[in-house]
>>> print(open('entry.cif').read())   # mmCIF, C-alpha atoms
data_start
loop_
_atom_site.label_atom_id
_atom_site.label_comp_id
_atom_site.auth_asym_id
_atom_site.auth_seq_id
_atom_site.Cartn_x
_atom_site.Cartn_y
_atom_site.Cartn_z
CA MET A 1 157.47 63.64 78.19
CA GLN A 2 154.92 61.68 80.19
CA LEU A 3 151.62 63.50 79.94
CA SER A 4 148.62 63.08 82.20
CA ASP A 5 145.32 61.74 80.91
CA ARG A 6 143.73 65.04 81.87
CA PHE A 7 146.11 67.01 79.64
CA LEU A 8 145.58 64.66 76.70
CA GLU A 9 141.82 65.01 77.15
CA LEU A 10 142.04 68.82 77.21
CA ALA A 11 144.30 68.86 74.14
CA GLN A 12 141.91 66.66 72.19
CA GLN A 13 138.99 68.89 73.16
CA GLN A 14 140.88 71.96 71.95
CA LEU A 15 141.59 70.41 68.57
CA GLN A 16 138.06 69.15 68.12
CA SER A 17 136.57 72.53 69.05
CA LEU A 18 138.90 74.33 66.65
CA ALA A 19 138.11 71.90 63.83
CA VAL A 20 134.37 72.48 64.23
CA ASP A 21 134.75 76.28 64.08
CA THR A 22 137.18 76.37 61.16
CA ALA A 23 137.54 74.70 57.79
CA MET A 24 140.36 72.35 58.84
CA ALA A 25 141.29 69.19 57.02
CA ARG A 26 143.75 68.11 59.70
CA LEU A 27 145.05 69.26 63.09
CA ALA A 28 147.92 67.66 64.96
CA LEU A 29 149.66 68.47 68.23
CA TYR A 30 153.30 67.52 68.69
CA VAL A 31 155.17 67.78 71.98
CA THR A 32 158.92 68.17 72.34
CA ASP A 33 160.41 65.04 73.87
CA ARG A 34 163.78 65.68 75.50
CA GLU A 35 165.01 62.35 76.77
CA GLN A 36 168.42 62.47 78.41
CA GLY A 37 171.27 61.70 76.05
CA SER A 38 169.21 61.92 72.87
CA THR A 39 168.27 64.56 70.32
CA PRO A 40 164.93 66.27 71.09
CA THR A 41 162.09 64.99 68.93
CA LEU A 42 158.54 66.14 68.24
CA THR A 43 156.10 63.40 69.19
CA LEU A 44 152.44 63.25 68.18
CA VAL A 45 150.08 63.37 71.21
CA ALA A 46 146.71 64.51 69.77
CA GLN A 47 145.13 64.86 66.33
CA TRP A 48 141.92 65.54 64.45
CA PRO A 49 140.32 63.67 62.86
CA LEU A 50 141.06 60.77 65.15
CA ASP A 51 141.30 58.28 62.29
CA SER A 52 144.22 60.12 60.67
CA ALA A 53 147.15 57.81 60.03
CA LEU A 54 149.97 60.09 61.13
CA PRO A 55 153.37 58.69 62.18
CA PRO A 56 154.18 58.96 65.93
CA ALA A 57 156.97 61.48 65.27
CA ILE A 58 157.44 64.35 62.82
CA ALA A 59 160.76 62.94 61.64
CA GLU A 60 158.95 59.81 60.44
CA ASP A 61 156.34 61.67 58.36
CA PRO A 62 157.26 61.48 54.62
CA SER A 63 154.46 63.88 53.61
CA LEU A 64 156.41 66.77 55.17
CA ARG A 65 159.15 66.47 52.56
CA SER A 66 156.96 68.31 50.06
CA VAL A 67 155.80 71.91 50.36
CA ALA A 68 152.07 72.43 50.92
CA GLN A 69 150.44 75.85 50.86
CA GLU A 70 147.56 74.69 53.00
CA ARG A 71 149.88 73.59 55.86
CA ARG A 72 150.86 75.97 58.65
CA TRP A 73 152.92 75.50 61.83
CA TYR A 74 152.33 77.27 65.13
CA PRO A 75 155.05 76.94 67.78
CA LEU A 76 154.06 76.29 71.38
CA ARG A 77 156.33 78.52 73.46
CA HIS A 78 156.25 78.81 77.24
CA GLU A 79 158.79 80.82 79.26
CA ASN A 80 161.19 81.01 76.29
CA MET A 81 161.05 77.26 75.73
CA LEU A 82 159.70 75.46 72.68
CA LEU A 83 157.39 72.81 74.12
CA GLY A 84 155.86 71.66 70.85
CA VAL A 85 154.09 72.69 67.66
CA LEU A 86 150.54 72.78 66.31
CA ARG A 87 150.15 71.53 62.75
CA ALA A 88 147.14 72.88 60.85
CA GLU A 89 146.11 71.88 57.34
CA GLN A 90 143.19 73.81 55.87
CA GLN A 91 140.80 72.50 53.26
CA PRO A 92 141.89 74.22 50.02
CA LEU A 93 139.09 75.82 48.02
CA PRO A 94 139.36 76.18 44.21
CA GLY A 95 140.45 79.67 43.20
CA ARG A 96 140.93 80.88 46.78
CA PRO A 97 144.25 81.24 48.61
CA VAL A 98 144.64 79.71 52.07
CA ASP A 99 144.41 82.54 54.62
CA HIS A 100 145.87 82.65 58.09
CA ASP A 101 143.18 82.09 60.71
CA PRO A 102 143.94 83.99 63.99
CA ARG A 103 142.01 81.33 65.91
CA LEU A 104 144.83 78.91 65.18
CA GLN A 105 147.34 81.20 66.90
CA ILE A 106 145.02 81.56 69.91
CA CYS A 107 144.66 77.79 70.11
CA ALA A 108 148.45 77.36 69.95
CA GLU A 109 148.94 79.86 72.78
CA THR A 110 146.29 78.12 74.88
CA LEU A 111 147.88 74.72 74.31
CA ALA A 112 151.31 76.15 75.16
CA CYS A 113 149.96 77.47 78.47
CA ILE A 114 148.32 74.14 79.31
CA LEU A 115 151.47 72.27 78.33
CA GLY A 116 153.56 74.58 80.50
CA LEU A 117 151.33 73.85 83.48
CA GLU A 118 151.57 70.15 82.71
CA GLN A 119 155.35 70.39 82.67
CA ASP A 120 155.35 72.24 86.01
CA ARG A 121 153.05 69.57 87.45
CA ARG A 122 155.42 66.85 86.36
CA LYS A 123 158.42 68.62 87.91
CA LEU A 124 156.57 69.11 91.18
CA HIS A 125 155.57 65.46 91.30
CA HIS A 126 159.17 64.48 90.68
CA GLN A 127 160.37 66.77 93.47
CA LEU A 128 157.73 65.42 95.83
CA ASP A 129 158.77 61.86 95.07
CA GLU A 130 162.40 62.69 95.79
CA GLN A 131 161.48 64.48 99.02
CA ARG A 132 159.32 61.56 100.06
CA GLN A 133 162.19 59.12 99.50
CA GLN A 134 164.54 61.37 101.47
CA LEU A 135 161.99 61.68 104.26
CA ASN A 136 161.61 57.91 104.44
CA LEU A 137 165.37 57.57 104.72
CA VAL A 138 165.60 60.16 107.51
CA VAL A 139 162.74 58.53 109.44
CA HIS A 140 164.39 55.13 109.09
CA GLN A 141 167.75 56.46 110.26
CA LEU A 142 166.23 58.29 113.25
CA ARG A 143 164.57 55.20 114.65
CA ASN A 144 167.86 53.52 115.59
CA PRO A 145 169.33 56.28 117.83
CA LEU A 146 165.92 56.96 119.39
CA THR A 147 165.52 53.29 120.24
CA ALA A 148 169.00 53.30 121.75
CA LEU A 149 168.19 56.36 123.87
CA ARG A 150 165.06 54.67 125.16
CA THR A 151 167.06 51.54 126.03
CA TYR A 152 169.63 53.56 127.99
CA ALA A 153 166.88 55.43 129.83
CA GLN A 154 165.13 52.18 130.79
CA LEU A 155 168.42 50.71 132.03
CA LEU A 156 169.05 53.83 134.08
CA LEU A 157 165.55 53.59 135.51
CA ARG A 158 166.31 50.08 136.74
CA ARG A 159 169.45 51.23 138.52
CA ILE A 160 167.87 54.01 140.55
CA GLY A 161 165.46 53.33 143.35
CA PRO A 162 161.74 54.18 143.33
CA ASP A 163 162.34 57.06 145.76
CA ASP A 164 165.32 58.53 143.95
CA GLN A 165 164.93 62.26 143.27
CA GLN A 166 166.16 61.82 139.70
CA ARG A 167 163.59 59.16 138.82
CA SER A 168 161.05 61.66 137.50
CA LEU A 169 163.68 63.09 135.13
CA VAL A 170 164.40 59.68 133.65
CA GLU A 171 160.68 58.94 133.33
CA SER A 172 160.27 62.26 131.53
CA LEU A 173 163.02 61.23 129.10
CA ILE A 174 161.07 58.09 128.25
CA GLN A 175 157.87 60.15 127.83
CA GLU A 176 159.60 62.53 125.44
CA GLN A 177 160.93 59.55 123.48
CA ASP A 178 157.35 58.30 123.13
CA GLN A 179 156.42 61.73 121.82
CA LEU A 180 159.24 61.57 119.26
CA ASP A 181 157.97 58.18 118.17
CA ARG A 182 154.60 59.80 117.48
CA TYR A 183 156.35 62.41 115.35
CA LEU A 184 158.10 59.70 113.36
CA GLN A 185 154.86 57.80 112.84
CA SER A 186 153.23 61.00 111.59
CA LEU A 187 156.14 61.75 109.26
CA ASP A 188 155.97 58.22 107.93
CA ARG A 189 152.29 58.70 107.08
CA ILE A 190 152.56 62.09 105.37
CA GLY A 191 150.88 61.98 101.98
CA ARG A 192 148.67 59.03 102.83
CA GLY A 193 144.89 59.13 103.11
CA ASP A 194 144.65 57.80 106.67
CA LEU A 195 146.18 60.87 108.34
CA ARG A 196 143.83 63.44 109.84
CA LEU A 197 145.11 66.78 111.06
CA GLU A 198 141.96 68.82 111.64
CA ALA A 199 139.06 70.39 109.74
CA ASP A 200 141.41 72.83 108.01
CA ALA A 201 144.80 71.24 107.48
CA SER A 202 146.34 74.12 105.55
CA THR A 203 148.71 75.02 108.39
CA PRO A 204 151.15 72.50 109.87
CA LEU A 205 150.78 71.60 113.53
CA LEU A 206 153.51 71.68 116.18
CA LEU A 207 152.50 68.35 117.68
CA PRO A 208 151.84 65.05 115.88
CA PRO A 209 148.38 64.83 114.31
CA VAL A 210 145.73 62.43 115.53
CA PRO A 211 145.14 59.15 113.65
CA VAL A 212 141.56 58.54 112.60
CA ASP A 213 141.31 55.43 114.76
CA ALA A 214 142.70 57.07 117.92
CA PRO A 215 140.80 56.32 121.18
CA ASP A 216 139.18 58.91 123.42
CA LEU A 217 141.51 60.94 125.62
CA THR A 218 141.51 63.24 128.66
CA VAL A 219 142.78 66.77 129.06
CA ALA A 220 144.90 65.62 132.00
CA ASP A 221 146.72 63.08 129.82
CA LEU A 222 147.35 65.76 127.21
CA LEU A 223 148.70 68.30 129.69
CA HIS A 224 150.90 66.10 131.90
CA PRO A 225 153.90 65.90 129.50
CA LEU A 226 153.61 69.59 128.59
CA ILE A 227 153.61 70.64 132.26
CA GLN A 228 156.61 68.44 133.02
CA ARG A 229 158.46 69.92 130.08
CA ALA A 230 157.57 73.47 131.17
CA SER A 231 158.70 72.76 134.73
CA ALA A 232 162.07 71.51 133.50
CA THR A 233 162.48 74.54 131.22
CA ALA A 234 161.67 76.91 134.08
CA THR A 235 164.26 75.19 136.26
CA LEU A 236 166.95 75.64 133.60
CA GLN A 237 166.01 79.31 133.15
CA ASN A 238 165.77 79.99 136.91
CA ARG A 239 162.14 81.03 136.59
CA PRO A 240 159.35 80.56 139.11
CA TRP A 241 156.92 77.99 137.66
CA HIS A 242 153.38 77.43 138.92
CA GLY A 243 151.68 74.28 137.67
CA PRO A 244 148.23 72.95 138.57
CA ASP A 245 147.85 71.97 142.23
CA HIS A 246 144.89 69.70 141.50
CA TRP A 247 143.15 68.09 138.54
CA ALA A 248 139.47 68.89 138.29
CA ALA A 249 137.02 66.16 137.31
CA TRP A 250 136.43 67.67 133.87
CA THR A 251 140.14 67.28 133.00
CA GLN A 252 139.88 63.52 133.57
CA ALA A 253 136.64 62.99 131.64
CA ALA A 254 136.89 61.21 128.29
CA ARG A 255 136.87 63.54 125.29
CA PRO A 256 136.87 62.88 121.52
CA ALA A 257 140.24 62.09 119.96
CA ALA A 258 139.99 65.26 117.85
CA ASP A 259 140.36 67.29 121.08
CA ALA A 260 144.05 66.35 121.03
CA VAL A 261 144.53 69.78 119.42
CA VAL A 262 144.28 71.10 122.99
CA ALA A 263 147.88 69.95 123.44
CA GLU A 264 148.82 71.83 120.26
CA ILE A 265 147.26 75.02 121.59
CA VAL A 266 148.73 74.80 125.09
CA ALA A 267 152.19 73.89 123.75
CA ASN A 268 152.05 77.00 121.59
CA LEU A 269 150.99 79.23 124.50
CA LEU A 270 153.70 77.85 126.80
CA GLU A 271 156.34 78.34 124.12
CA ASN A 272 155.28 81.98 123.68
CA ALA A 273 155.28 82.56 127.46
CA PHE A 274 158.86 81.31 127.81
CA ARG A 275 160.06 83.08 124.67
CA TYR A 276 158.56 86.54 125.08
CA SER A 277 158.30 87.15 128.84
CA PRO A 278 161.35 88.74 130.55
CA ALA A 279 164.08 86.56 132.05
CA GLY A 280 163.28 85.46 135.59
CA CYS A 281 159.58 86.32 135.14
CA ALA A 282 157.11 83.96 136.83
CA LEU A 283 154.72 81.98 134.66
CA GLY A 284 152.42 79.03 134.97
CA LEU A 285 149.36 77.05 133.95
CA LYS A 286 146.08 77.29 135.87
CA LEU A 287 143.07 75.02 135.47
CA LEU A 288 139.69 76.74 135.71
CA ASP A 289 136.16 75.54 134.96
CA HIS A 290 136.45 73.94 131.51
CA ALA A 291 139.27 76.34 130.78
CA ILE A 292 143.07 76.34 130.73
CA CYS A 293 144.95 79.52 131.55
CA VAL A 294 148.60 80.00 130.53
CA TRP A 295 149.93 83.12 132.21
CA ASP A 296 153.06 85.16 132.82
CA ALA A 297 153.74 88.07 135.15
CA GLY A 298 155.63 90.13 132.57
CA PRO A 299 154.63 93.46 131.02
CA SER A 300 151.08 93.40 129.67
CA ILE A 301 150.57 93.32 125.92
CA PRO A 302 149.22 96.77 124.86
CA ALA A 303 145.45 96.93 124.42
CA THR A 304 145.88 98.03 120.80
CA GLU A 305 147.49 94.65 120.03
CA HIS A 306 145.01 92.35 121.79
CA GLN A 307 143.21 91.37 118.59
CA ARG A 308 146.03 91.97 116.12
CA ILE A 309 148.27 89.28 117.62
CA PHE A 310 145.62 86.68 116.75
CA GLN A 311 145.76 87.59 113.06
CA GLN A 312 147.89 85.41 110.81
CA GLY A 313 151.36 86.85 110.20
CA GLU A 314 150.97 89.59 112.83
CA ARG A 315 153.27 89.86 115.85
CA GLY A 316 153.24 91.95 118.98
CA SER A 317 155.68 94.84 119.57
CA SER A 318 157.54 92.86 122.25
CA SER A 319 158.43 90.10 119.78
CA ILE A 320 159.72 92.11 116.82
CA ASP A 321 163.39 91.46 117.62
CA ARG A 322 162.86 87.76 118.40
CA PRO A 323 162.41 84.81 116.03
CA GLY A 324 158.87 83.89 115.09
CA SER A 325 156.43 83.72 112.19
CA GLY A 326 153.28 85.27 113.64
CA LEU A 327 151.34 82.07 112.93
CA GLY A 328 151.12 80.48 116.38
CA LEU A 329 148.34 82.45 118.02
CA SER A 330 146.19 82.63 114.89
CA LEU A 331 146.48 78.87 114.50
CA ALA A 332 145.77 78.31 118.21
CA ARG A 333 142.60 80.41 118.12
CA ARG A 334 141.41 78.71 114.94
CA LEU A 335 141.95 75.28 116.44
CA ALA A 336 140.07 76.29 119.59
CA GLU A 337 137.12 77.63 117.61
CA ASN A 338 137.05 74.52 115.39
CA ARG A 339 136.50 72.46 118.54
CA GLY A 340 133.74 74.77 119.79
CA GLY A 341 135.93 76.67 122.26
CA SER A 342 137.66 80.04 122.33
CA LEU A 343 141.04 81.62 123.01
CA ASN A 344 141.37 85.14 124.40
CA LEU A 345 143.93 87.36 126.11
CA HIS A 346 143.41 88.91 129.56
CA THR A 347 145.93 91.43 130.92
CA GLU A 348 144.52 91.35 134.45
CA PRO A 349 144.99 87.68 135.33
CA THR A 350 143.71 88.14 138.87
CA ALA A 351 140.24 88.82 137.44
CA LEU A 352 140.21 85.21 136.24
CA ASP A 353 141.43 83.77 139.54
CA PRO A 354 142.56 85.50 142.75
CA GLU A 355 145.72 83.39 142.86
CA LEU A 356 146.99 84.84 139.60
CA PRO A 357 149.07 88.07 139.39
CA ALA A 358 147.29 91.41 139.17
CA GLN A 359 149.04 92.34 135.93
CA GLY A 360 150.59 90.31 133.16
CA ASN A 361 149.28 88.22 130.30
CA ALA A 362 146.80 85.36 130.68
CA PHE A 363 145.74 83.42 127.60
CA LEU A 364 142.48 81.67 128.43
CA LEU A 365 141.52 78.59 126.42
CA THR A 366 137.90 77.59 127.04
CA LEU A 367 136.55 74.19 126.05
CA PRO A 368 132.94 73.10 125.60
CA GLU A 369 131.43 70.41 127.75
CA THR A 370 131.31 66.97 126.19
CA GLU A 371 127.96 65.46 125.22
CA ARG A 372 128.31 63.04 128.13
CA GLU A 373 128.80 65.91 130.59
CA GLN A 374 125.81 67.77 129.18
CA ALA A 375 123.66 64.66 129.44
CA THR A 376 124.46 64.16 133.13
CA GLN A 377 123.44 67.73 133.91
CA GLN A 378 120.00 67.51 132.26
CA PRO A 379 117.17 67.07 134.82
CA GLU A 380 115.25 63.85 134.62
CA GLU A 381 111.67 64.16 133.38
#
>>> encode(input="entry.cif", output="C-alpha cells")
Amino acid sequence: MQLSDRFLELAQQQLQSLAVDTAMARLALYVTDREQGSTPTLTLVAQWPLDSALPPAIAEDPSLRSVAQERRWYPLRHENMLLGVLRAEQQPLPGRPVDHDPRLQICAETLACILGLEQDRRKLHHQLDEQRQQLNLVVHQLRNPLTALRTYAQLLLRRIGPDDQQRSLVESLIQEQDQLDRYLQSLDRIGRGDLRLEADASTPLLLPPVPVDAPDLTVADLLHPLIQRASATATLQNRPWHGPDHWAAWTQAARPAADAVVAEIVANLLENAFRYSPAGCALGLKLLDHAICVWDAGPSIPATEHQRIFQQGERGSSSIDRPGSGLGLSLARRLAENRGGSLNLHTEPTALDPELPAQGNAFLLTLPETEREQATQQPEE
C-alpha cells in the first residue's frame, strides 16, 4: 500500500508519544500489503526507536521465531478488515511480570482509524484519476462532432442570402456551438488551479465558469444568446415571448469578468419560467435601471413561499410534481449577493413596470453600478 507522507508522519508521532509515556523497548507498525496476485504481507512502515534494525517485513524477521513474554501484538482492524498490526516490546524488569498496558490498545485503535482514512483517501484518488481520464476521453471525442456541426452551419450560412429569414437561426446554431466549446474548455480544465468559478465554488454552475484572465464584458453580450434561446423555445412551445425592445446604456458598459455570473442567474430564471409556468403562458425579460426582470403571467407563487423557494433544497408547491433539485434559486440569489446585487420575487409585475402583467411572477435581479459609472456621476470639486 502506498502511504502518504502525512500518514507516515502521524504514525511516527503516535509511536514516539506512546514510547515516552510507557516503558517500551520497541514499537513497530506493520501495514498489510495486498498486491494483486500475491500473498498479503505485513510491511514495516514506522518504528521506535528509529535506529532499530528491523527487517522490512515480518516474514523476514528471525527474532519472531522464538517466544518472548515481553512482546505483544495489537491488530489494526477497520470495518472488519485487518489493515496491520502494532508490535510492542516492553522493557522487562527483574522479578516483575510484563503487564498489559491499555494505552497500547488505544494507540492501535487510533492507528487503525487513521489507516482506514488513509485507505479511503487512496481509493478516492484512484477513482478521481479514472474519472479524469474518462472525462478527457469524452471531451476529446466530443470535439470532432461539434467541429463538424460548426462546419455544416458555416457552409449553410454561405448558401443563404443576407436577407434570408432563416439566417438568424443558423447564426444562433453557431453561437450555441461556441457556447459548447466553452463548456468543453471548462471540462478540460477541471481540477486545475487556473479555473475560477466564484467566491464560493461549492455548488456547480449551469454555465461555463470564467477564466481568471477573461476580459471585461457587458450585460448585453451576456444576455443576447440567452434571449435568442428563449425566443426559440417560446416559438416551439407556442408561447408569447417578450424580449427587450431596447438596450439601455448600462447594459453596454464594461463590467468585470466576474459579473459573467449574471448569465448563470438569468439562464436559471428563464429555465424556471419555461418549466413551471402553465403551457401557453406569456413570459419575457425586461430591462430596468440596473436590473433584469424575468417574468411570467402564470399563477402567482403563494406569499408563504416567497422566501422559502430561495432556500437550498426547498421547492415551491407548483413544482413538486416536476423534476428539479431546489438548488437553482438559492444559487442564483447567492451569486447575485456575491456580486453586490440582489434577487427577489414580485407577484405584481406591473408595480415594477407598467408594461408588465398585473399578476404573475417577476424575479428581479438588481446589479450595482460599476466603479466607472459611479465615478462619472460624482460632481467635480
>>> closest_residue(input="entry.cif", among="A:Thr233, A:Leu352, A:Pro55, A:Thr370", to="A:Gln252", atoms="all atoms listed in the file")
A:Thr370
>>> resolve_selection(input="entry.cif", expression="the PyMOL selection byres ((chain A and resi 283) around 8)", output="list in words")
Arg239, Pro240, Trp241, His242, Ala273, Cys281, Ala282, Gly284, Leu285, Val294, Trp295, Asp296 and Ala297 of chain A
>>> closest_residue(input="entry.cif", among="A:Leu18, A:Ile174, A:Leu155, A:Leu3", to="A:Gln105", atoms="all atoms listed in the file")
A:Leu18
>>> residues_near_point(input="entry.cif", point="(160.0, 80.4, 129.0)", cutoff="9 Å", atoms="all atoms listed in the file", output="PyMOL selection string")
chain A and resi 230+233-234+237+239+270-281+283
>>> resolve_selection(input="entry.cif", expression="the PyMOL selection byres ((chain A and resi 267) around 12)", output="NGL selection string")
:A and (205-208 or 222-230 or 260-266 or 268-274 or 285 or 292 or 294 or 328-329 or 331-332 or 365)
>>> atom_distance(input="entry.cif", atom1="atom CA of A:Asp289", atom2="atom CA of A:Gly341")
12.8 Å
>>> closest_residue(input="entry.cif", among="A:Asp51, A:Glu79, A:Asp245, A:Glu337", to="A:Gln119", atoms="all atoms listed in the file")
A:Glu79
>>> resolve_selection(input="entry.cif", expression="the PyMOL selection byres ((chain A and resi 310) around 6)", output="MDAnalysis selection string")
chainID A and resid 307:309 311 329:330
>>> atom_distance(input="entry.cif", atom1="atom CA of A:Leu8", atom2="atom CA of A:Ala112")
12.9 Å
>>> closest_residue(input="entry.cif", among="A:Asp181, A:Asp101, A:Glu89, A:Glu70", to="A:Arg143", atoms="all atoms listed in the file")
A:Asp181
>>> closest_residue(input="entry.cif", among="A:Asn144, A:Asn361, A:Thr22, A:Thr41", to="A:His346", atoms="all atoms listed in the file")
A:Asn361
>>> residues_around(input="entry.cif", residues="A:Leu54", least_positions_apart="6", cutoff="10 Å", atoms="all atoms listed in the file", output="PyMOL selection string")
chain A and resi 28+44+47+60-63
>>> closest_residue(input="entry.cif", among="A:Glu9, A:Leu187, A:Leu83, A:Ser17", to="A:Asn136", atoms="only C-alpha atoms")
A:Leu187
>>> atom_distance(input="entry.cif", atom1="atom CA of A:Asp21", atom2="atom CA of A:Leu104")
10.5 Å
>>> residues_around(input="entry.cif", residues="A:Pro368", least_positions_apart="6", cutoff="12 Å", atoms="all atoms listed in the file", output="VMD selection string")
chain A and resid 250 to 251 255 to 256 259 262 289 to 292 336 to 342 374
>>> axis_aligned_box(input="entry.cif", around="stretch 253-270 of chain A", padding_each_side="5 Å", output="lines of an AutoDock Vina configuration file")
center_x = 145.2
center_y = 70.2
center_z = 124.7
size_x = 27.1
size_y = 28.0
size_z = 23.8
